[in-house]
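J.: Below is the file work-v1.txt, which contains compact mmCIF, C-alpha atoms.
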```txt
# COMPACT_ATOMS: atom_id res chain seq x y z
CA MET D 1 161.53 42.65 134.75
CA PRO D 2 158.25 43.71 133.07
CA GLY D 3 157.33 42.35 129.70
CA ASN D 4 157.49 44.24 126.40
CA ASP D 5 153.90 45.43 126.59
CA ASP D 6 154.58 46.93 130.02
CA LEU D 7 157.73 48.64 128.82
CA ARG D 8 155.95 50.27 125.93
CA GLY D 9 153.55 51.86 128.37
CA SER D 10 151.31 53.25 125.64
CA SER D 11 149.04 52.08 122.85
CA GLY D 12 149.52 55.17 120.67
CA ILE D 13 151.92 55.87 117.83
CA TRP D 14 154.95 56.33 120.08
CA SER D 15 154.46 52.85 121.54
CA GLN D 16 155.96 51.56 118.29
CA ILE D 17 159.33 53.15 119.08
CA GLY D 18 161.53 50.71 120.92
CA ASP D 19 160.91 47.25 122.28
CA LEU D 20 163.94 46.67 124.52
CA GLN D 21 164.23 45.58 128.12
CA GLN D 22 166.39 47.51 130.60
CA ALA D 23 169.39 45.19 130.23
CA ASP D 24 169.25 45.43 126.42
CA ALA D 25 169.12 49.21 126.57
CA GLU D 26 172.02 49.37 129.00
CA ARG D 27 174.15 47.21 126.74
CA LEU D 28 173.49 49.52 123.78
CA VAL D 29 174.11 52.66 125.82
CA GLY D 30 177.34 51.19 127.15
CA GLN D 31 178.54 50.27 123.66
CA ALA D 32 177.69 53.75 122.39
CA LEU D 33 179.57 55.45 125.21
CA ASP D 34 182.58 53.18 124.67
CA ALA D 35 182.56 54.16 120.99
CA GLY D 36 182.76 57.84 121.89
CA ILE D 37 179.09 58.79 121.59
CA ASN D 38 178.05 61.14 124.37
CA PHE D 39 174.67 62.49 123.14
CA ILE D 40 171.39 60.74 124.01
CA ASP D 41 168.06 62.03 122.70
CA THR D 42 164.61 60.88 123.81
CA ALA D 43 161.14 62.36 124.44
CA ASP D 44 158.44 62.26 127.09
CA VAL D 45 155.98 60.58 124.72
CA TYR D 46 158.23 57.72 123.59
CA ALA D 47 156.61 54.56 124.98
CA GLY D 48 154.52 56.66 127.32
CA GLY D 49 157.56 58.00 129.18
CA VAL D 50 159.24 54.61 129.61
CA SER D 51 162.00 55.63 127.20
CA GLU D 52 163.06 58.36 129.62
CA GLN D 53 162.84 55.95 132.55
CA ILE D 54 165.07 53.38 130.85
CA THR D 55 167.53 56.04 129.76
CA GLY D 56 167.87 57.48 133.24
CA GLN D 57 168.19 54.07 134.86
CA ALA D 58 170.79 53.00 132.30
CA LEU D 59 172.96 56.02 133.04
CA LYS D 60 172.63 55.35 136.76
CA ASN D 61 173.36 51.62 136.53
CA LEU D 62 176.34 52.22 134.26
CA LYS D 63 177.61 54.86 136.69
CA VAL D 64 178.09 57.40 133.91
CA PRO D 65 179.46 60.72 135.23
CA ARG D 66 176.87 63.41 134.57
CA GLU D 67 179.40 65.70 132.92
CA ASN D 68 180.32 62.98 130.42
CA VAL D 69 176.95 62.77 128.69
CA VAL D 70 174.57 65.21 126.99
CA VAL D 71 170.93 64.28 127.55
CA ALA D 72 168.18 65.73 125.38
CA THR D 73 164.44 65.20 125.59
CA LYS D 74 161.28 66.79 124.25
CA VAL D 75 157.88 68.06 125.32
CA PHE D 76 154.70 68.65 123.29
CA GLY D 77 152.69 65.45 122.79
CA ASP D 78 149.84 64.01 124.85
CA THR D 79 151.01 62.99 128.31
CA SER D 80 147.72 63.26 130.21
CA PRO D 81 144.00 63.79 129.48
CA GLY D 82 142.65 67.29 129.07
CA PRO D 83 143.77 70.42 127.22
CA ASN D 84 146.77 71.04 129.52
CA GLY D 85 148.21 67.60 128.84
CA ARG D 86 149.62 68.54 125.45
CA GLY D 87 151.03 71.40 123.41
CA ALA D 88 153.62 74.10 123.98
CA SER D 89 151.81 76.15 126.61
CA ARG D 90 153.53 77.42 129.73
CA SER D 91 151.48 75.00 131.83
CA HIS D 92 152.39 71.90 129.84
CA ILE D 93 156.07 72.85 129.53
CA LEU D 94 156.52 73.48 133.27
CA ASP D 95 154.71 70.26 134.18
CA GLY D 96 156.52 68.34 131.46
CA VAL D 97 160.04 69.23 132.53
CA LYS D 98 159.38 68.16 136.13
CA ALA D 99 158.04 64.80 134.97
CA SER D 100 160.97 64.27 132.58
CA LEU D 101 163.56 65.11 135.23
CA LYS D 102 161.95 62.61 137.58
CA ARG D 103 161.90 59.84 134.98
CA LEU D 104 165.46 60.57 133.87
CA GLN D 105 166.68 60.81 137.49
CA LEU D 106 168.62 63.96 136.62
CA ASP D 107 168.90 67.40 138.17
CA HIS D 108 168.97 69.11 134.77
CA ILE D 109 168.34 68.46 131.08
CA ASP D 110 171.06 69.55 128.68
CA LEU D 111 168.78 70.19 125.69
CA TYR D 112 165.02 70.61 126.07
CA GLN D 113 163.08 70.68 122.79
CA ILE D 114 159.54 71.53 121.74
CA HIS D 115 158.49 68.42 119.81
CA GLY D 116 156.14 70.14 117.37
CA PHE D 117 154.50 73.47 116.56
CA ASP D 118 151.47 74.45 118.61
CA PRO D 119 149.21 76.83 116.65
CA ALA D 120 147.00 77.33 119.72
CA THR D 121 149.80 78.82 121.85
CA PRO D 122 151.54 82.15 121.12
CA ILE D 123 155.20 81.62 120.32
CA GLU D 124 156.13 84.24 122.91
CA GLU D 125 154.47 82.19 125.66
CA THR D 126 156.50 79.14 124.65
CA VAL D 127 159.77 81.10 124.49
CA ARG D 128 159.15 82.73 127.88
CA ALA D 129 158.42 79.35 129.51
CA LEU D 130 161.63 77.84 128.12
CA ASP D 131 163.63 80.86 129.26
CA LEU D 132 162.26 80.39 132.78
CA LEU D 133 163.51 76.80 132.81
CA VAL D 134 166.98 77.96 131.76
CA ARG D 135 167.04 80.63 134.47
CA GLN D 136 165.92 78.08 137.08
CA GLY D 137 168.70 75.70 136.05
CA HIS D 138 166.39 72.85 135.06
CA VAL D 139 167.47 73.19 131.43
CA ARG D 140 170.79 74.25 129.92
CA TYR D 141 169.79 74.81 126.26
CA VAL D 142 166.51 74.83 124.34
CA GLY D 143 165.51 73.79 120.84
CA VAL D 144 162.63 72.69 118.65
CA SER D 145 161.65 69.82 116.40
CA ASN D 146 159.58 69.86 113.21
CA TRP D 147 159.16 73.64 113.02
CA ALA D 148 159.03 75.64 109.81
CA ALA D 149 161.67 78.24 109.00
CA TRP D 150 159.38 81.22 109.60
CA GLN D 151 158.30 79.84 112.98
CA ILE D 152 161.89 79.44 114.15
CA VAL D 153 162.91 82.90 112.92
CA LYS D 154 159.91 84.47 114.65
CA ALA D 155 160.87 82.76 117.91
CA LEU D 156 164.48 83.90 117.55
CA GLY D 157 163.29 87.47 117.00
CA ILE D 158 161.12 87.36 120.11
CA ALA D 159 163.99 85.97 122.18
CA GLU D 160 166.37 88.67 120.96
CA ARG D 161 163.86 91.48 121.53
CA LEU D 162 163.04 90.35 125.08
CA GLY D 163 166.48 89.08 126.08
CA LEU D 164 165.33 85.48 126.49
CA ALA D 165 167.05 82.17 125.87
CA ARG D 166 167.11 81.47 122.13
CA PHE D 167 166.67 78.20 120.26
CA ASP D 168 170.04 76.55 119.77
CA SER D 169 168.93 73.57 117.68
CA LEU D 170 166.36 72.12 115.33
CA GLN D 171 165.60 68.43 115.00
CA ALA D 172 163.98 67.62 111.65
CA TYR D 173 163.54 64.96 108.99
CA TYR D 174 166.44 64.97 106.54
CA THR D 175 167.88 62.27 104.30
CA VAL D 176 169.22 61.87 100.78
CA ALA D 177 165.75 60.53 99.93
CA GLY D 178 164.02 63.63 101.27
CA ARG D 179 165.98 66.86 100.88
CA ASP D 180 163.22 69.46 101.33
CA LEU D 181 165.13 70.82 104.32
CA GLU D 182 167.75 72.28 102.00
CA ARG D 183 165.33 74.74 100.42
CA GLU D 184 164.66 77.07 103.36
CA ILE D 185 165.53 75.42 106.67
CA VAL D 186 169.26 74.80 106.15
CA PRO D 187 170.05 78.33 104.84
CA MET D 188 168.07 79.81 107.74
CA LEU D 189 169.94 77.68 110.29
CA ALA D 190 173.29 78.69 108.82
CA SER D 191 172.29 82.36 108.82
CA GLU D 192 170.99 82.36 112.40
CA GLY D 193 173.58 80.05 113.95
CA VAL D 194 171.16 77.29 114.91
CA GLY D 195 172.34 73.68 114.99
CA LEU D 196 170.68 70.81 113.12
CA MET D 197 169.92 67.26 114.25
CA VAL D 198 168.17 64.90 111.87
CA TRP D 199 165.72 62.10 112.43
CA SER D 200 164.97 59.15 110.16
CA PRO D 201 168.21 59.49 108.16
CA LEU D 202 167.46 56.11 106.55
CA ALA D 203 164.07 57.36 105.27
CA GLY D 204 162.00 54.99 107.34
CA GLY D 205 164.04 52.00 106.17
CA LEU D 206 164.11 52.80 102.46
CA LEU D 207 167.88 53.35 102.52
CA SER D 208 168.55 50.39 104.81
CA GLY D 209 167.76 47.83 102.13
CA LYS D 210 164.69 46.43 103.87
CA PHE D 211 162.63 47.27 100.78
CA GLY D 212 162.92 49.23 97.55
CA ARG D 213 160.91 51.71 95.53
CA GLU D 214 159.77 49.10 93.01
CA GLN D 215 158.86 46.45 95.60
CA PRO D 216 155.16 45.45 95.58
CA ALA D 217 153.03 47.34 98.06
CA ARG D 218 152.03 44.16 99.89
CA ARG D 219 155.66 43.46 100.82
CA ALA D 220 156.43 47.00 101.93
CA ALA D 221 153.23 47.47 103.92
CA GLY D 222 153.76 44.68 106.41
CA ALA D 223 154.00 40.95 106.65
CA PRO D 224 154.65 38.84 103.52
CA GLY D 225 151.50 38.48 101.48
CA SER D 226 149.74 41.30 103.28
CA THR D 227 147.93 43.92 101.20
CA SER D 228 146.59 45.95 104.11
CA ARG D 229 147.67 49.45 104.94
CA PRO D 230 149.66 50.09 108.10
CA SER D 231 147.78 50.33 111.39
CA THR D 232 146.19 53.74 111.97
CA GLY D 233 148.10 53.85 115.24
CA THR D 234 151.30 54.73 113.40
CA ALA D 235 152.06 57.15 110.62
CA PRO D 236 152.97 55.53 107.27
CA SER D 237 156.61 55.79 106.37
CA THR D 238 157.65 57.79 103.32
CA ALA D 239 159.00 54.59 101.81
CA TRP D 240 155.69 52.75 102.24
CA MET D 241 153.80 55.59 100.62
CA ARG D 242 156.15 55.51 97.64
CA CYS D 243 156.13 51.75 97.27
CA ALA D 244 152.37 51.55 97.56
CA ARG D 245 151.98 54.64 95.36
CA TRP D 246 149.44 56.02 97.76
CA PRO D 247 147.72 59.05 96.19
CA ARG D 248 149.34 62.21 97.52
CA ARG D 249 145.99 63.80 98.25
CA ALA D 250 144.83 60.81 100.30
CA ALA D 251 148.14 60.69 102.16
CA SER D 252 147.88 64.38 102.99
CA ARG D 253 144.38 63.92 104.39
CA TRP D 254 145.57 60.95 106.45
CA ARG D 255 148.44 62.95 107.97
CA ARG D 256 146.23 65.90 108.81
CA SER D 257 143.74 63.66 110.57
CA ARG D 258 146.40 61.78 112.56
CA TRP D 259 148.90 64.61 113.15
CA PRO D 260 146.96 67.88 113.49
CA GLY D 261 149.43 70.72 113.86
CA CYS D 262 152.28 68.41 114.85
CA CYS D 263 154.60 68.16 111.87
CA THR D 264 155.31 70.94 109.41
CA SER D 265 157.21 68.63 107.10
CA ARG D 266 155.35 67.37 104.05
CA ARG D 267 156.51 63.86 104.87
CA SER D 268 155.08 61.85 107.72
CA PRO D 269 157.29 60.59 110.54
CA ALA D 270 158.91 57.24 109.80
```
How does this structure look as structure tokens?

T.:
Amino acid sequence: MPGNDDLRGSSGIWSQIGDLQQADAERLVGQALDAGINFIDTADVYAGGVSEQITGQALKNLKVPRENVVVATKVFGDTSPGPNGRGASRSHILDGVKASLKRLQLDHIDLYQIHGFDPATPIEETVRALDLLVRQGHVRYVGVSNWAAWQIVKALGIAERLGLARFDSLQAYYTVAGRDLEREIVPMLASEGVGLMVWSPLAGGLLSGKFGREQPARRAAGAPGSTSRPSTGTAPSTAWMRCARWPRRAASRWRRSRWPGCCTSRRSPA
């Protein structure tokens, strides 16, 4: 069994998500299925694709009937060098789904999501590419993550006008500590019949009790006694920014430099 560094498979921001071996992951998946959970969400950039590999192998080793589980994954982030190795273009989407299916060891993906908004690609091109995957049977439903309300509505309008597969879901940051979604996104989703999945419901650990708003910045930023900012390889959590009282202007510049065009939310991923 490879070590943790091998399982991460990447040195970028997504390498920080997950640190489990195959057996550990299978135990968690098995416990979740026994508890009645049947939805598994991952992405092609998590740990450089290893997350999808572990997920697919876990389902195979546990002998989970395909019809008993809903598998979702995402495409958008960097998966290879060059301009075609990222974004929401037809080229990257068609290449991405093939790679994800291979890693997951599945014949289809239940929910395929665009992981962020791509300002360099026309929305119609993205919608047409996703519709092709649905027609080919590689994908059952399509959705997006971290898109603004106007972007989703525009895509829905294009799909309706051209008779293409429409977005059925949005995955976005939402928590009692960050309720911006309620202003425009939630009413739009209710109006258009689009489902909502949330990420970071514990606000990057703020609501878990790991640290509080009034805790000194050195404790929230990392190891005890440390006064350094988080590594530039990962985005700072909302909680860290609050605890450290990082100037909003500086935080905004940091996010733009590290996440160009990726997240429409004002808060950085936790």

J.: So how far away is CA of Leu28 in chain D from CA of Leu196 in chain D, in Å?

T.: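 Computed distance, CA of Leu196 in chain D to CA of Leu28 in chain D, equals 24.0 Å.
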
J.: Identify which of the residues D:Ala25, D:Leu59, D:Ala88, D:Leu104 lies closest to Arg128 in chain D, counting all atoms listed in the file when measuring atom-to-atom distances.

T.: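 For Arg128 in chain D, the nearest of the candidates is D:Ala88.
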
J.: Kindly indicate which residue among D:Glu26, D:Ala129, D:Arg183, D:Thr175 lies nearest to Ala159 in chain D, using only C-alpha atoms for the distances.

T.: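 Between D:Glu26, D:Ala129, D:Arg183, D:Thr175, the residue approaching Ala159 in chain D most closely is D:Ala129.
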
J.: So what do you get for CA of Ser100 in chain D versus CA of Gln31 in chain D, distance-wise?

T.: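 Going from CA of Ser100 in chain D over to CA of Gln31 in chain D covers 24.2 Å.
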
J.: With only C-alpha atoms as the atoms that count, which of D:Glu125, D:Glu192, D:Glu67, D:Asp131 lies nearest to Leu156 in chain D?

T.: D:Glu192

J.: For Arg86 in chain D, work out the shell of residues within 8 Å, counting all atoms listed in the file and skipping chain neighbours fewer than 6 positions away, then give it as a PyMOL selection string.

T.: chain D and resi 76-80+92

J.: Hey, can you check how far CA of Gly30 in chain D sits from CA of Ala58 in chain D?

T.: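 So the answer is 8.5 Å.
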
J.: Would you please work out which residue, of D:Glu52, D:Thr126, D:Ser145, D:Asp44, is nearest to Gly96 in chain D when using only C-alpha atoms?

T.: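 Smallest distance to Gly96 in chain D is found for D:Asp44.
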
J.: When you count all atoms listed in the file, which of these residues is closest to Ala32 in chain D: D:Asp107, D:Ala155, D:Val69, D:Arg140?

T.: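 With all atoms listed in the file as the atom set, the closest residue is D:Val69.
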
J.: Which residues, protein or nucleic acid, reach to within 8 Å of (165.8, 72.2, 127.6) in the file's coordinates when using all atoms listed in the file, and can you give that as a list of chain:residue names?

T.: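 Within the cut-off we find D:Ala72, D:Thr73, D:Lys74, D:Ile109, D:Asp110, D:Leu111, D:Tyr112, D:Gln113, D:Leu130, D:Leu133, D:Val134, D:His138, D:Val139, D:Arg140, D:Tyr141, D:Val142, D:Gly143.
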
J.: Which residues are near Gly157 in chain D? Cut-off 9 Å, all atoms listed in the file, ignore same chain within fewer than 5 positions. Put them as a short mmCIF file (atom, residue, chain, number, x, y, z; two decimals) with C-alpha atoms, keeping the file's coordinate frame.

T.:
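Written file, selection_26.cif:
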```cif
data_model
loop_
_atom_site.label_atom_id
_atom_site.label_comp_id
_atom_site.auth_asym_id
_atom_site.auth_seq_id
_atom_site.Cartn_x
_atom_site.Cartn_y
_atom_site.Cartn_z
CA ILE D 152 161.89 79.44 114.15
CA LEU D 162 163.04 90.35 125.08
CA ARG D 166 167.11 81.47 122.13
#
```

J.: Could you check the closest approach to Leu189 in chain D for each of D:Phe167, D:Val176, D:Val75, D:Thr55 and tell me which residue wins, using only C-alpha atoms?

T.: D:Phe167

J.: With a distance cut-off of 7 Å and all atoms listed in the file, select the neighbouring residues of Tyr173 in chain D, excluding the residue or stretch itself and same-chain residues fewer than 4 positions from it, and output the selection as a PDB file with C-alpha atoms, in the frame of the given file.

T.:
```pdb
ATOM      1  CA  VAL D 198     168.170  64.900 111.870  1.00  0.00           C
ATOM      2  CA  TRP D 199     165.720  62.100 112.430  1.00  0.00           C
ATOM      3  CA  SER D 200     164.970  59.150 110.160  1.00  0.00           C
TER       4      SER D 200
END
```

J.: Could you list, as a list in words, every residue within 9 Å of Val153 in chain D, counting all atoms listed in the file and ignoring same-chain residues fewer than 5 positions away?

T.: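 Residues meeting the cut-off are Ala148, Ile158, Met188 and Glu192 of chain D.
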